[in-house]
Each structure stands twice: as structure tokens, then as C-alpha cells.
>>> print(open('model28.cif').read())   # mmCIF, C-alpha atoms and all ligand atoms
data_structure
loop_
_atom_site.label_atom_id
_atom_site.label_comp_id
_atom_site.auth_asym_id
_atom_site.auth_seq_id
_atom_site.Cartn_x
_atom_site.Cartn_y
_atom_site.Cartn_z
CA MET A 1 38.51 -5.92 7.90
CA ILE A 2 37.10 -4.25 11.02
CA ASN A 3 33.68 -5.46 12.17
CA ALA A 4 31.22 -3.78 14.53
CA LYS A 5 30.01 -6.00 17.38
CA ILE A 6 27.78 -5.56 20.42
CA ILE A 7 30.09 -6.35 23.35
CA GLY A 8 27.83 -5.36 26.25
CA THR A 9 24.20 -4.59 27.02
CA GLY A 10 22.34 -3.00 29.93
CA ALA A 11 18.77 -2.16 30.86
CA TYR A 12 16.78 -0.32 33.48
CA VAL A 13 13.07 -0.15 34.26
CA PRO A 14 11.61 2.09 36.97
CA GLU A 15 10.11 0.52 40.10
CA LYS A 16 6.51 1.71 39.98
CA VAL A 17 4.10 -0.68 38.20
CA TYR A 18 0.73 0.00 36.61
CA ASP A 19 -0.97 -3.39 36.22
CA ASN A 20 -4.16 -3.98 34.24
CA ALA A 21 -6.26 -3.63 37.41
CA TYR A 22 -4.86 -0.11 37.82
CA MET A 23 -5.66 0.71 34.16
CA GLU A 24 -9.24 -0.49 34.83
CA SER A 25 -9.44 2.03 37.66
CA ILE A 26 -8.57 5.02 35.43
CA VAL A 27 -10.23 4.27 32.04
CA ASP A 28 -13.09 2.15 30.70
CA THR A 29 -11.06 -1.00 30.01
CA ASN A 30 -10.52 -4.45 31.47
CA ASP A 31 -7.79 -7.06 31.86
CA GLU A 32 -9.49 -9.39 29.38
CA TRP A 33 -9.53 -6.77 26.57
CA ILE A 34 -5.95 -5.65 27.19
CA THR A 35 -4.61 -9.20 27.40
CA ARG A 36 -6.48 -10.48 24.35
CA ARG A 37 -5.78 -7.45 22.14
CA THR A 38 -2.19 -6.70 23.22
CA GLY A 39 -0.71 -9.36 25.55
CA ILE A 40 0.29 -6.64 28.05
CA LYS A 41 -0.18 -7.29 31.78
CA GLU A 42 2.02 -4.63 33.42
CA ARG A 43 4.04 -1.54 32.58
CA HIS A 44 6.74 0.17 34.66
CA ILE A 45 6.28 3.89 35.21
CA ALA A 46 8.87 6.54 36.12
CA ALA A 47 8.42 8.45 39.37
CA ASP A 48 7.25 12.06 39.06
CA ASP A 49 10.83 13.28 39.44
CA GLU A 50 12.42 10.55 37.31
CA TYR A 51 13.24 11.51 33.72
CA THR A 52 14.70 10.00 30.54
CA THR A 53 18.32 10.67 31.51
CA ASP A 54 17.84 9.08 34.96
CA LEU A 55 16.80 5.83 33.25
CA ALA A 56 19.44 6.21 30.52
CA ILE A 57 22.32 6.67 32.98
CA LYS A 58 21.50 3.42 34.80
CA ALA A 59 21.19 1.42 31.56
CA ALA A 60 24.39 3.02 30.22
CA GLN A 61 26.43 2.19 33.33
CA ARG A 62 25.22 -1.42 33.19
CA ALA A 63 26.09 -1.74 29.48
CA VAL A 64 29.59 -0.31 29.96
CA GLU A 65 30.21 -2.63 32.92
CA ASN A 66 28.84 -5.61 30.98
CA ALA A 67 31.16 -4.73 28.07
CA GLY A 68 34.16 -4.82 30.40
CA ILE A 69 35.42 -1.41 29.36
CA SER A 70 35.68 1.89 31.22
CA ALA A 71 33.56 4.96 30.40
CA GLU A 72 36.79 6.78 29.41
CA GLU A 73 37.18 4.33 26.53
CA LEU A 74 33.92 5.44 24.87
CA ASP A 75 34.44 7.54 21.73
CA LEU A 76 30.79 8.37 21.07
CA ILE A 77 27.44 8.24 22.87
CA ILE A 78 24.23 8.37 20.83
CA LEU A 79 20.87 8.42 22.54
CA ALA A 80 17.44 7.97 21.02
CA THR A 81 14.41 9.43 22.73
CA VAL A 82 11.07 11.03 21.93
CA THR A 83 10.75 12.30 25.51
CA PRO A 84 13.94 14.31 26.17
CA ASP A 85 14.59 16.09 29.49
CA TYR A 86 15.51 19.25 27.55
CA PHE A 87 15.39 20.24 23.87
CA THR A 88 18.98 21.23 24.60
CA PRO A 89 21.31 19.94 25.96
CA ALA A 90 20.96 16.54 24.36
CA CYS A 91 20.25 13.73 26.82
CA ALA A 92 23.40 12.03 25.46
CA CYS A 93 25.51 14.95 26.77
CA ILE A 94 23.97 14.66 30.25
CA VAL A 95 24.71 10.92 30.29
CA GLN A 96 28.26 11.58 28.99
CA LYS A 97 28.97 13.90 31.92
CA VAL A 98 27.44 11.72 34.64
CA ILE A 99 29.07 8.44 33.61
CA GLY A 100 32.47 10.15 33.11
CA ALA A 101 32.83 9.43 29.39
CA VAL A 102 35.34 12.28 29.12
CA ASN A 103 36.56 11.27 25.66
CA ALA A 104 33.17 10.81 24.03
CA ALA A 105 31.26 12.97 21.59
CA ALA A 106 27.52 12.84 22.20
CA PHE A 107 24.28 13.53 20.40
CA ASP A 108 20.59 12.59 20.41
CA TYR A 109 18.60 11.27 17.49
CA ASN A 110 14.94 10.37 16.92
CA ALA A 111 13.71 7.34 15.01
CA ALA A 112 10.90 6.56 17.48
CA CYS A 113 10.53 2.81 18.16
CA SER A 114 12.93 1.85 15.35
CA ALA A 115 15.79 3.72 16.98
CA PHE A 116 17.85 0.86 18.42
CA VAL A 117 18.39 -0.68 15.00
CA THR A 118 19.00 2.83 13.61
CA GLY A 119 21.54 3.47 16.40
CA ILE A 120 23.58 0.33 15.89
CA THR A 121 23.52 1.03 12.13
CA ILE A 122 24.99 4.51 12.77
CA ALA A 123 27.53 3.01 15.18
CA LYS A 124 28.58 0.41 12.64
CA GLN A 125 29.38 3.12 10.05
CA PHE A 126 31.69 4.98 12.45
CA ILE A 127 33.42 1.72 13.39
CA VAL A 128 33.96 0.13 9.99
CA SER A 129 35.26 3.47 8.66
CA GLY A 130 37.89 3.39 11.43
CA THR A 131 36.60 6.65 12.98
CA TYR A 132 35.72 5.25 16.43
CA LYS A 133 36.31 2.05 18.43
CA ASN A 134 33.69 2.08 21.21
CA ILE A 135 30.22 3.55 20.82
CA LEU A 136 27.45 3.54 23.39
CA VAL A 137 23.94 3.38 21.90
CA ILE A 138 21.17 4.22 24.37
CA CYS A 139 17.41 4.16 23.89
CA ALA A 140 15.46 5.73 26.72
CA ASP A 141 11.98 7.13 27.15
CA VAL A 142 9.48 8.12 29.77
CA LEU A 143 6.44 7.66 27.54
CA SER A 144 4.24 7.88 30.65
CA LYS A 145 4.90 11.64 30.68
CA ALA A 146 3.54 11.91 27.12
CA THR A 147 0.64 9.50 27.53
CA ASP A 148 -2.95 10.65 27.39
CA TYR A 149 -4.33 8.78 30.41
CA LYS A 150 -7.87 9.65 29.27
CA ASP A 151 -7.39 7.71 25.99
CA ARG A 152 -7.99 4.00 26.63
CA ALA A 153 -6.77 3.11 23.13
CA THR A 154 -3.20 4.26 23.90
CA CYS A 155 -2.70 4.53 27.66
CA VAL A 156 -2.85 0.77 28.23
CA LEU A 157 0.05 0.25 25.82
CA PHE A 158 2.94 2.35 27.10
CA GLY A 159 5.60 1.99 29.79
CA ASP A 160 8.97 3.52 30.65
CA ALA A 161 12.43 1.95 30.28
CA ALA A 162 15.98 2.39 29.02
CA GLY A 163 18.21 -0.06 27.16
CA ALA A 164 21.79 0.36 26.04
CA ALA A 165 24.53 -1.45 24.16
CA VAL A 166 28.24 -0.91 23.56
CA VAL A 167 29.13 -1.41 19.90
CA ALA A 168 32.86 -1.96 19.46
CA ALA A 169 35.45 -2.59 16.76
CA SER A 170 36.11 -6.32 16.56
CA GLU A 171 37.83 -8.92 14.45
CA GLU A 172 34.87 -11.23 15.07
CA PRO A 173 31.63 -10.92 13.09
CA GLY A 174 28.92 -8.87 14.85
CA ILE A 175 26.39 -6.63 13.13
CA LEU A 176 26.21 -8.50 9.82
CA THR A 177 23.53 -6.59 7.89
CA THR A 178 20.94 -3.89 8.59
CA ASP A 179 17.94 -2.44 6.78
CA LEU A 180 16.31 0.90 7.60
CA GLY A 181 13.29 2.57 6.04
CA SER A 182 10.73 5.31 6.37
CA ASP A 183 7.28 6.12 5.00
CA GLY A 184 6.51 9.52 6.49
CA ASP A 185 2.97 10.11 7.72
CA LEU A 186 0.98 11.19 10.78
CA SER A 187 -0.18 7.76 12.03
CA ILE A 188 1.63 8.29 15.35
CA THR A 189 1.99 11.86 16.57
CA CYS A 190 3.08 13.91 19.56
CA LEU A 191 3.06 17.65 18.89
CA ALA A 192 5.97 19.89 19.84
CA TYR A 193 5.78 23.60 18.92
CA LYS A 194 3.45 23.40 15.95
CA GLU A 195 -0.05 24.74 16.48
CA ASP A 196 -2.36 22.20 14.85
CA GLU A 197 -6.01 22.26 15.85
CA GLU A 198 -6.78 19.12 13.85
CA GLU A 199 -4.12 17.15 15.77
CA ASN A 200 -5.19 18.55 19.13
CA ALA A 201 -8.78 17.53 18.45
CA LYS A 202 -7.75 13.88 18.08
CA ARG A 203 -6.63 13.73 21.71
CA VAL A 204 -9.26 12.60 24.20
CA SER A 205 -7.79 14.93 26.85
CA GLY A 206 -7.07 17.68 24.30
CA GLU A 207 -3.57 17.92 25.79
CA LYS A 208 -1.15 18.91 23.05
CA ASN A 209 2.06 17.08 24.06
CA THR A 210 0.49 13.64 24.30
CA ILE A 211 0.76 10.67 21.96
CA TRP A 212 -2.05 9.89 19.50
CA MET A 213 -2.07 6.87 17.23
CA ALA A 214 -4.13 5.38 14.41
CA GLY A 215 -3.83 1.92 15.97
CA GLN A 216 -5.33 -0.23 13.21
CA ALA A 217 -3.30 1.45 10.44
CA VAL A 218 -0.07 1.13 12.43
CA MET A 219 -0.76 -2.53 13.15
CA LYS A 220 -1.24 -3.30 9.45
CA PHE A 221 1.91 -1.41 8.50
CA ALA A 222 3.94 -3.06 11.27
CA VAL A 223 3.31 -6.67 10.30
CA LYS A 224 4.44 -6.21 6.71
CA ALA A 225 7.33 -3.83 7.54
CA MET A 226 8.78 -6.19 10.16
CA ALA A 227 8.56 -9.29 7.98
CA ASP A 228 9.93 -7.59 4.85
CA ALA A 229 12.84 -5.88 6.65
CA SER A 230 13.81 -9.15 8.39
CA ASN A 231 13.72 -11.03 5.09
CA ARG A 232 15.97 -8.39 3.52
CA VAL A 233 18.71 -8.56 6.19
CA ILE A 234 18.77 -12.37 5.98
CA GLU A 235 18.92 -12.27 2.20
CA LYS A 236 21.69 -9.62 2.21
CA ALA A 237 23.74 -11.93 4.45
CA GLY A 238 23.18 -14.89 2.12
CA LEU A 239 21.41 -16.84 4.89
CA THR A 240 17.94 -18.35 5.38
CA TRP A 241 15.48 -18.40 8.29
CA ASP A 242 16.83 -21.85 9.24
CA ASP A 243 20.09 -20.13 10.25
CA ILE A 244 18.33 -17.81 12.73
CA ASP A 245 18.46 -18.70 16.44
CA LEU A 246 16.48 -15.84 17.97
CA VAL A 247 14.21 -12.95 16.95
CA VAL A 248 14.01 -9.91 19.23
CA PRO A 249 11.14 -7.76 17.93
CA HIS A 250 9.78 -4.39 18.99
CA GLN A 251 7.37 -5.22 21.83
CA ALA A 252 4.28 -3.23 20.86
CA ASN A 253 1.52 -5.79 20.70
CA TYR A 254 1.53 -9.58 20.81
CA ARG A 255 -0.86 -9.77 17.85
CA ILE A 256 1.56 -7.76 15.68
CA VAL A 257 4.48 -10.00 16.66
CA ASP A 258 2.41 -13.13 16.12
CA SER A 259 1.23 -12.08 12.64
CA ALA A 260 4.74 -10.94 11.66
CA ILE A 261 6.39 -14.21 12.69
CA LYS A 262 3.73 -16.20 10.85
CA ARG A 263 4.61 -14.19 7.74
CA MET A 264 8.31 -14.90 8.37
CA GLY A 265 7.59 -18.58 8.99
CA VAL A 266 9.41 -18.49 12.33
CA ASP A 267 8.63 -20.75 15.26
CA LYS A 268 7.26 -18.95 18.38
CA ASP A 269 10.01 -20.53 20.49
CA LYS A 270 12.57 -18.45 18.62
CA VAL A 271 10.98 -15.14 19.63
CA TYR A 272 11.96 -13.29 22.82
CA LEU A 273 9.09 -11.37 24.45
CA THR A 274 8.98 -8.92 27.34
CA LEU A 275 5.81 -7.03 26.43
CA HIS A 276 3.66 -8.75 29.07
CA LYS A 277 5.91 -7.20 31.77
CA TYR A 278 6.86 -3.81 30.34
CA GLY A 279 4.40 -2.94 27.54
CA ASN A 280 5.61 -0.77 24.70
CA THR A 281 8.55 1.31 25.96
CA SER A 282 9.39 2.76 22.52
CA ALA A 283 12.95 2.28 21.22
CA SER A 284 14.18 0.65 24.42
CA CYS A 285 12.01 -2.45 23.88
CA ILE A 286 14.64 -4.19 21.76
CA PRO A 287 17.77 -3.46 23.86
CA VAL A 288 15.90 -4.24 27.10
CA ALA A 289 14.79 -7.60 25.68
CA LEU A 290 18.26 -8.28 24.24
CA SER A 291 19.91 -7.51 27.58
CA GLU A 292 17.44 -9.74 29.42
CA ALA A 293 17.82 -12.57 26.89
CA GLU A 294 21.59 -12.46 27.35
CA ALA A 295 21.33 -12.38 31.15
CA ASN A 296 18.92 -15.36 31.05
CA GLY A 297 21.35 -17.43 29.00
CA ARG A 298 18.95 -17.38 26.04
CA ILE A 299 21.76 -16.21 23.76
CA LYS A 300 25.04 -18.03 23.23
CA LYS A 301 28.16 -17.10 21.31
CA GLY A 302 27.78 -17.52 17.58
CA ASP A 303 23.97 -17.26 17.62
CA LYS A 304 22.37 -15.45 14.70
CA ILE A 305 19.83 -12.92 15.98
CA ILE A 306 17.27 -10.79 14.17
CA LEU A 307 16.39 -7.44 15.76
CA VAL A 308 13.36 -5.85 14.13
CA GLY A 309 11.34 -2.77 14.97
CA PHE A 310 8.85 -0.27 13.61
CA GLY A 311 7.30 2.91 14.89
CA GLY A 312 6.54 6.60 14.61
CA GLY A 313 7.64 8.33 11.47
CA LEU A 314 6.61 5.86 10.22
CA THR A 315 9.94 4.06 10.37
CA TRP A 316 11.23 0.52 10.44
CA GLY A 317 14.55 -1.24 10.88
CA ALA A 318 16.00 -4.73 11.06
CA ALA A 319 19.47 -6.01 11.88
CA LEU A 320 21.08 -9.42 11.69
CA LEU A 321 23.67 -10.04 14.40
CA GLU A 322 26.15 -12.80 15.00
CA TRP A 323 26.62 -12.88 18.79
O1 LIG A 401 5.41 1.51 18.98
C1 LIG A 401 4.36 2.25 18.40
C2 LIG A 401 3.56 1.42 17.54
N1 LIG A 401 2.21 1.28 17.97
C3 LIG A 401 1.61 0.11 17.94
O2 LIG A 401 2.18 -0.88 17.67
C4 LIG A 401 0.13 0.03 18.17
C5 LIG A 401 -0.50 -0.67 17.03
N2 LIG A 401 -1.92 -0.87 17.24
C6 LIG A 401 -2.39 -1.68 18.20
O3 LIG A 401 -1.67 -2.28 18.96
C7 LIG A 401 -3.89 -1.87 18.24
O4 LIG A 401 -4.48 -1.17 17.17
C8 LIG A 401 -4.53 -1.38 19.58
C9 LIG A 401 -4.12 -2.31 20.71
C10 LIG A 401 -4.13 0.05 19.87
C11 LIG A 401 -6.06 -1.42 19.46
O5 LIG A 401 -6.46 -2.75 19.10
P1 LIG A 401 -7.47 -2.96 17.89
O6 LIG A 401 -7.76 -4.40 17.79
O7 LIG A 401 -6.91 -2.26 16.70
O8 LIG A 401 -8.78 -2.25 18.42
P2 LIG A 401 -9.62 -1.07 17.75
O9 LIG A 401 -8.86 0.21 17.80
O10 LIG A 401 -10.14 -1.53 16.44
O11 LIG A 401 -10.81 -0.96 18.75
C12 LIG A 401 -11.77 -2.04 18.92
C13 LIG A 401 -12.73 -1.65 20.01
C14 LIG A 401 -13.29 -0.25 19.86
O12 LIG A 401 -14.64 -0.26 20.31
P3 LIG A 401 -15.85 -0.32 19.27
O13 LIG A 401 -15.68 0.90 18.41
O14 LIG A 401 -15.67 -1.60 18.52
O15 LIG A 401 -17.04 -0.31 20.14
C15 LIG A 401 -12.47 0.56 20.83
O16 LIG A 401 -13.13 1.70 21.30
O17 LIG A 401 -12.07 -1.69 21.27
C16 LIG A 401 -12.27 -0.44 21.94
N3 LIG A 401 -11.11 -0.17 22.76
C17 LIG A 401 -11.00 -0.64 24.02
N4 LIG A 401 -11.83 -1.36 24.79
C18 LIG A 401 -11.42 -1.67 26.02
C19 LIG A 401 -9.99 0.50 22.44
N5 LIG A 401 -9.14 0.50 23.47
C20 LIG A 401 -9.74 -0.20 24.47
C21 LIG A 401 -9.37 -0.54 25.77
N6 LIG A 401 -10.22 -1.28 26.51
N7 LIG A 401 -8.17 -0.19 26.30
#
>>> encode(input="model28.cif", output="C-alpha cells", more="lines below")
Ligand code: UT7
Amino acid sequence: MINAKIIGTGAYVPEKVYDNAYMESIVDTNDEWITRRTGIKERHIAADDEYTTDLAIKAAQRAVENAGISAEELDLIILATVTPDYFTPACACIVQKVIGAVNAAAFDYNAACSAFVTGITIAKQFIVSGTYKNILVICADVLSKATDYKDRATCVLFGDAAGAAVVAASEEPGILTTDLGSDGDLSITCLAYKEDEEENAKRVSGEKNTIWMAGQAVMKFAVKAMADASNRVIEKAGLTWDDIDLVVPHQANYRIVDSAIKRMGVDKDKVYLTLHKYGNTSASCIPVALSEAEANGRIKKGDKIILVGFGGGLTWGAALLEW
């Protein structure tokens, strides 16, 4: 039986920082509101000439190095983004060329903030079917370029980052179970080509290609979706919450995480958080946190880890890993 296992992780965040004092200087907000309602203190922001693939390449190179393989050994690169450099070529193809993954197929996919769990689920299928051995999953976004910096309800939330993982064929257990879902609606939107006056009117700036969100509705959805999906992956594996060593959730808002873990009955000490430093960086939140948790020695071999996310679509996903 071939298993799919994460054998290396990597992350990159840009240098520039917008702290809460800076947010106070551009919109009618304050550190107290942002901290109490979200838990976010800082977000890292790409330079004007720094794009999704620039972040993705750095995270990818770190993940490949951490996995102890060469880029030539990669069979497939899949990259999730909602802020691509180009509509075509795919960001994955640009990364493939730059890192020298000469034997890899490459494509982009979009599952918004749920995309890391989606990506490792896709990777697992190619591996357990015997199609590929080494797959690089990258989540990268420059949400700052799609943020409406006139809308205080969203601009305080987002930052830029990339996270990556190498999923490889292994005789050891790795990605034990996953659960993906969708409930399509327009709670989180960023318009592309479609002309939609109603959508445009929701944006404070009126700028079409910016993110708008029904915050309260998303928050309500997120708490239930995260708890239910996590329960399902544990149940599918025949385990209980007592077996779980660490939970790495999507880092959107501390209140969402807190309510979700209460619903799960998990102790706060078992939850890894980065949102105070980076804010919501879309799909990269989970691999960035996972990479950091590993580097900090927070994860040891054999640990059982829940990854759980939710986001635009609406979508959700959970995975149970044995490290
Ligand atoms: O990965 C994508 C998923 N997205 C998310 O996870 C976001 C989910 N939603 C949230 O995190 C929360 O809904 C927000 C943080 C966006 C907003 O928190 P909330 O507790 O839902 O606040 P609210 O929208 O109900 O707004 C409460 C008040 C309003 O003022 P009034 O109408 O009560 O006078 C807002 O205008 O807070 C006001 N407000 C702010 N005040 C200061 C909204 N944003 C701000 C702000 N600073 N930045």
C-alpha cells in the first residue's frame, strides 16, 4: 500500500509590515478594535513589484530543500492562488521553470482559503494511484493587491504570504483522511471579467477587482464548517480528539478559531496560531503555520495533526495527518 506523506515544508512572507498603527493612519479603525475583533497585530505586504510567483518561488525552494529532494525529482507542481500574475501562464508553470523542475507537470487551481487541504487531497490521489511520486503543493497570494484599502471591514484582515509542501509516496502513514466541501454563494467576492453593478456597489472604493465580504455570515459559516469537517476526518480515521496532538487552522480571525475549537472540545494549547503576525493570507495560512510549527519543534514524528480551513466559494476542507 502506497501512502502520501508531507516530507518537506517551506514558507515565505514579504519584508514590508503594516501594523495596526499604520491601519489607523489609512482608515477609521484602531488597534483595540482590530485586536479584540480579530487578534491581528501585523500583516506582511508585498513590494509594488513583488507578485504571487515571487513569493511562491521562495516558499517552493525552501520546501524542496526541506524535503531533501532535488527539483528534478518533482513530478507535478500545483499552485493555488486567487491573485495570479497572469491568467495564463499558470503561476505553477512560472515556478516550475524558475526552480528547474524540468520533469514536472504544472497547473493552478482555486479553492480560495481552503486550497491547501484541497491541494494535498489532489496530491494524495495522484500518489496512491501510483501516477506520481513527488508533488509540490504551493499556496501563494498577494491579497494586498486585491484589497480595498478604503474598506475598514476588510483591509485590516489581509496580508501576503506563500506556503508550500512536498507530498511524496511513502511506506509510512501520512495524509490519513481528508474532507472537502462547498456551498456556493457570493459571501466573499472579487470580480474578474463579469460586469456586475450590484457587486461593484458593495465596494467602498468602487474598484472592481477588490475583495468584498459579508463578514458576519462568513464567520457563522466558518465555525460550523471547521468543526464539522474536523470531526469527520477524525471519525473516518477511527480516532477521537484525544488522539490529536495539534490543530493548524486557517488563520482568519481569532474569534472564529476560538469558537470552532470550543465546538470541537479542543484545548487552546493544541492550536497553532500565526494570525497575530501575518493576518489572513488566504490559502497560505495553513502551510505557513505548519512550516513554522515544524521549524519551532512544535511537531514531532508520529504526531496526529488536524489541518482545517474555510473560505471563498464558499469552501471548506480538513485533513488528518500523521507526521
Ligand atoms: O479567509 C476568508 C474568510 N473571511 C473571514 O474569515 C472573515 C470573517 N469575518 C470576520 O472576521 C468578522 O466579521 C470581521 C472581523 C470582518 C468583522 O467583525 P464583526 O464582529 O463581524 O463586526 P461587524 O461587521 O458586525 O461590525 C461591527 C462594527 C460596525 O459598526 P456599527 O455598524 O456597529 O456602528 C462596523 O462598521 O464595527 C465596525 N467596523 C470597524 N470598526 C473599527 C468594521 N470594521 C472596523 C474596523 N475598525 N476595522
>>> residues_near_ligand(input="model28.cif", ligand="ligand LIG 401 (chain A)", cutoff="8 Å", atoms="all atoms listed in the file", output="number ranges by chain")
A: 27-30, 33-34, 37-38, 112-113, 151-157, 188, 213-219, 222, 250-253, 255-256, 280-283, 310-312
>>> residues_near_point(input="model28.cif", point="(35.8, 3.1, 26.9)", cutoff="9 Å", atoms="all atoms listed in the file", output="list in words")
Val64, Gly68, Ile69, Ser70, Ala71, Glu72, Glu73, Leu74, Asp75, Ala101, Asn103, Ala104, Lys133, Asn134 and Ile135 of chain A
>>> atom_distance(input="model28.cif", atom1="CA of Val13 (chain A)", atom2="CA of Asp48 (chain A)")
14.4 Å
>>> atom_distance(input="model28.cif", atom1="CA of Ile6 (chain A)", atom2="CA of Thr177 (chain A)")
13.3 Å
>>> closest_residue(input="model28.cif", among="A:Arg263, A:Lys41, A:Arg62, A:Lys208", to="Gly279 (chain A)", atoms="all atoms listed in the file")
A:Lys41
>>> closest_residue(input="model28.cif", among="A:Ile175, A:Ile299, A:Val137, A:Val223", to="Gln96 (chain A)", atoms="only C-alpha atoms")
A:Val137
>>> residues_around(input="model28.cif", residues="Phe126 (chain A)", least_positions_apart="2", cutoff="12 Å", atoms="only C-alpha atoms", output="MDAnalysis selection string")
chainID A and resid 2:4 75:78 119:124 128:136 167:169
>>> residues_around(input="model28.cif", residues="Gly265 (chain A)", least_positions_apart="6", cutoff="10 Å", atoms="all atoms listed in the file", output="ChimeraX atom specification")
/A:227,241-242,259
>>> atom_distance(input="model28.cif", atom1="CA of Tyr86 (chain A)", atom2="CA of Val308 (chain A)")
28.5 Å
>>> closest_residue(input="model28.cif", among="A:Asn200, A:Thr240, A:Ser284, A:Thr315", to="Asp148 (chain A)", atoms="all atoms listed in the file")
A:Asn200
>>> closest_residue(input="model28.cif", among="A:Leu186, A:Ala229, A:Val257, A:Ile138", to="Gly313 (chain A)", atoms="all atoms listed in the file")
A:Leu186
>>> closest_residue(input="model28.cif", among="A:Glu172, A:Glu235, A:Asp179, A:Asp160", to="Ile7 (chain A)", atoms="only C-alpha atoms")
A:Glu172
>>> closest_residue(input="model28.cif", among="A:Pro89, A:Thr178, A:Glu207, A:Asp54", to="Leu191 (chain A)", atoms="all atoms listed in the file")
A:Glu207
>>> residues_around(input="model28.cif", residues="Trp323 (chain A)", least_positions_apart="3", cutoff="12 Å", atoms="only C-alpha atoms", output="NGL selection string")
:A and (4-9 or 167 or 170 or 172-176 or 244-246 or 290 or 293-294 or 298-307 or 320)
>>> build_atoms(input="model28.cif", residues="region 51-65 of chain A", atoms="N, CA, C and O atoms", output="PDB file, keeping the file's coordinate frame")
ATOM      1  N   TYR A  51      13.326  11.105  35.124  1.00  0.00           N
ATOM      2  CA  TYR A  51      13.240  11.510  33.720  1.00  0.00           C
ATOM      3  C   TYR A  51      14.068  10.591  32.828  1.00  0.00           C
ATOM      4  O   TYR A  51      14.771   9.691  33.312  1.00  0.00           O
ATOM      5  N   THR A  52      14.010  10.853  31.519  1.00  0.00           N
ATOM      6  CA  THR A  52      14.700  10.000  30.540  1.00  0.00           C
ATOM      7  C   THR A  52      16.174   9.785  30.889  1.00  0.00           C
ATOM      8  O   THR A  52      16.664   8.661  30.858  1.00  0.00           O
ATOM      9  N   THR A  53      16.882  10.863  31.240  1.00  0.00           N
ATOM     10  CA  THR A  53      18.320  10.670  31.510  1.00  0.00           C
ATOM     11  C   THR A  53      18.563   9.847  32.772  1.00  0.00           C
ATOM     12  O   THR A  53      19.574   9.147  32.861  1.00  0.00           O
ATOM     13  N   ASP A  54      17.650   9.905  33.743  1.00  0.00           N
ATOM     14  CA  ASP A  54      17.840   9.080  34.960  1.00  0.00           C
ATOM     15  C   ASP A  54      17.816   7.599  34.591  1.00  0.00           C
ATOM     16  O   ASP A  54      18.619   6.807  35.095  1.00  0.00           O
ATOM     17  N   LEU A  55      16.894   7.229  33.700  1.00  0.00           N
ATOM     18  CA  LEU A  55      16.800   5.830  33.250  1.00  0.00           C
ATOM     19  C   LEU A  55      18.010   5.496  32.367  1.00  0.00           C
ATOM     20  O   LEU A  55      18.622   4.429  32.495  1.00  0.00           O
ATOM     21  N   ALA A  56      18.352   6.434  31.488  1.00  0.00           N
ATOM     22  CA  ALA A  56      19.440   6.210  30.520  1.00  0.00           C
ATOM     23  C   ALA A  56      20.778   5.995  31.222  1.00  0.00           C
ATOM     24  O   ALA A  56      21.561   5.122  30.821  1.00  0.00           O
ATOM     25  N   ILE A  57      21.036   6.772  32.264  1.00  0.00           N
ATOM     26  CA  ILE A  57      22.320   6.670  32.980  1.00  0.00           C
ATOM     27  C   ILE A  57      22.485   5.269  33.575  1.00  0.00           C
ATOM     28  O   ILE A  57      23.535   4.640  33.462  1.00  0.00           O
ATOM     29  N   LYS A  58      21.420   4.759  34.174  1.00  0.00           N
ATOM     30  CA  LYS A  58      21.500   3.420  34.800  1.00  0.00           C
ATOM     31  C   LYS A  58      21.737   2.340  33.736  1.00  0.00           C
ATOM     32  O   LYS A  58      22.586   1.458  33.910  1.00  0.00           O
ATOM     33  N   ALA A  59      20.996   2.417  32.624  1.00  0.00           N
ATOM     34  CA  ALA A  59      21.190   1.420  31.560  1.00  0.00           C
ATOM     35  C   ALA A  59      22.596   1.537  30.969  1.00  0.00           C
ATOM     36  O   ALA A  59      23.253   0.532  30.684  1.00  0.00           O
ATOM     37  N   ALA A  60      23.063   2.771  30.802  1.00  0.00           N
ATOM     38  CA  ALA A  60      24.390   3.020  30.220  1.00  0.00           C
ATOM     39  C   ALA A  60      25.484   2.432  31.105  1.00  0.00           C
ATOM     40  O   ALA A  60      26.395   1.747  30.623  1.00  0.00           O
ATOM     41  N   GLN A  61      25.397   2.705  32.402  1.00  0.00           N
ATOM     42  CA  GLN A  61      26.430   2.190  33.330  1.00  0.00           C
ATOM     43  C   GLN A  61      26.455   0.662  33.305  1.00  0.00           C
ATOM     44  O   GLN A  61      27.522   0.048  33.319  1.00  0.00           O
ATOM     45  N   ARG A  62      25.282   0.055  33.235  1.00  0.00           N
ATOM     46  CA  ARG A  62      25.220  -1.420  33.190  1.00  0.00           C
ATOM     47  C   ARG A  62      25.821  -1.955  31.887  1.00  0.00           C
ATOM     48  O   ARG A  62      26.505  -2.975  31.884  1.00  0.00           O
ATOM     49  N   ALA A  63      25.561  -1.270  30.779  1.00  0.00           N
ATOM     50  CA  ALA A  63      26.090  -1.740  29.480  1.00  0.00           C
ATOM     51  C   ALA A  63      27.620  -1.619  29.446  1.00  0.00           C
ATOM     52  O   ALA A  63      28.301  -2.525  28.947  1.00  0.00           O
ATOM     53  N   VAL A  64      28.124  -0.522  29.961  1.00  0.00           N
ATOM     54  CA  VAL A  64      29.590  -0.310  29.960  1.00  0.00           C
ATOM     55  C   VAL A  64      30.260  -1.362  30.857  1.00  0.00           C
ATOM     56  O   VAL A  64      31.266  -1.968  30.476  1.00  0.00           O
ATOM     57  N   GLU A  65      29.655  -1.605  32.013  1.00  0.00           N
ATOM     58  CA  GLU A  65      30.210  -2.630  32.920  1.00  0.00           C
ATOM     59  C   GLU A  65      30.151  -4.005  32.257  1.00  0.00           C
ATOM     60  O   GLU A  65      31.122  -4.767  32.273  1.00  0.00           O
TER      61      GLU A  65
END
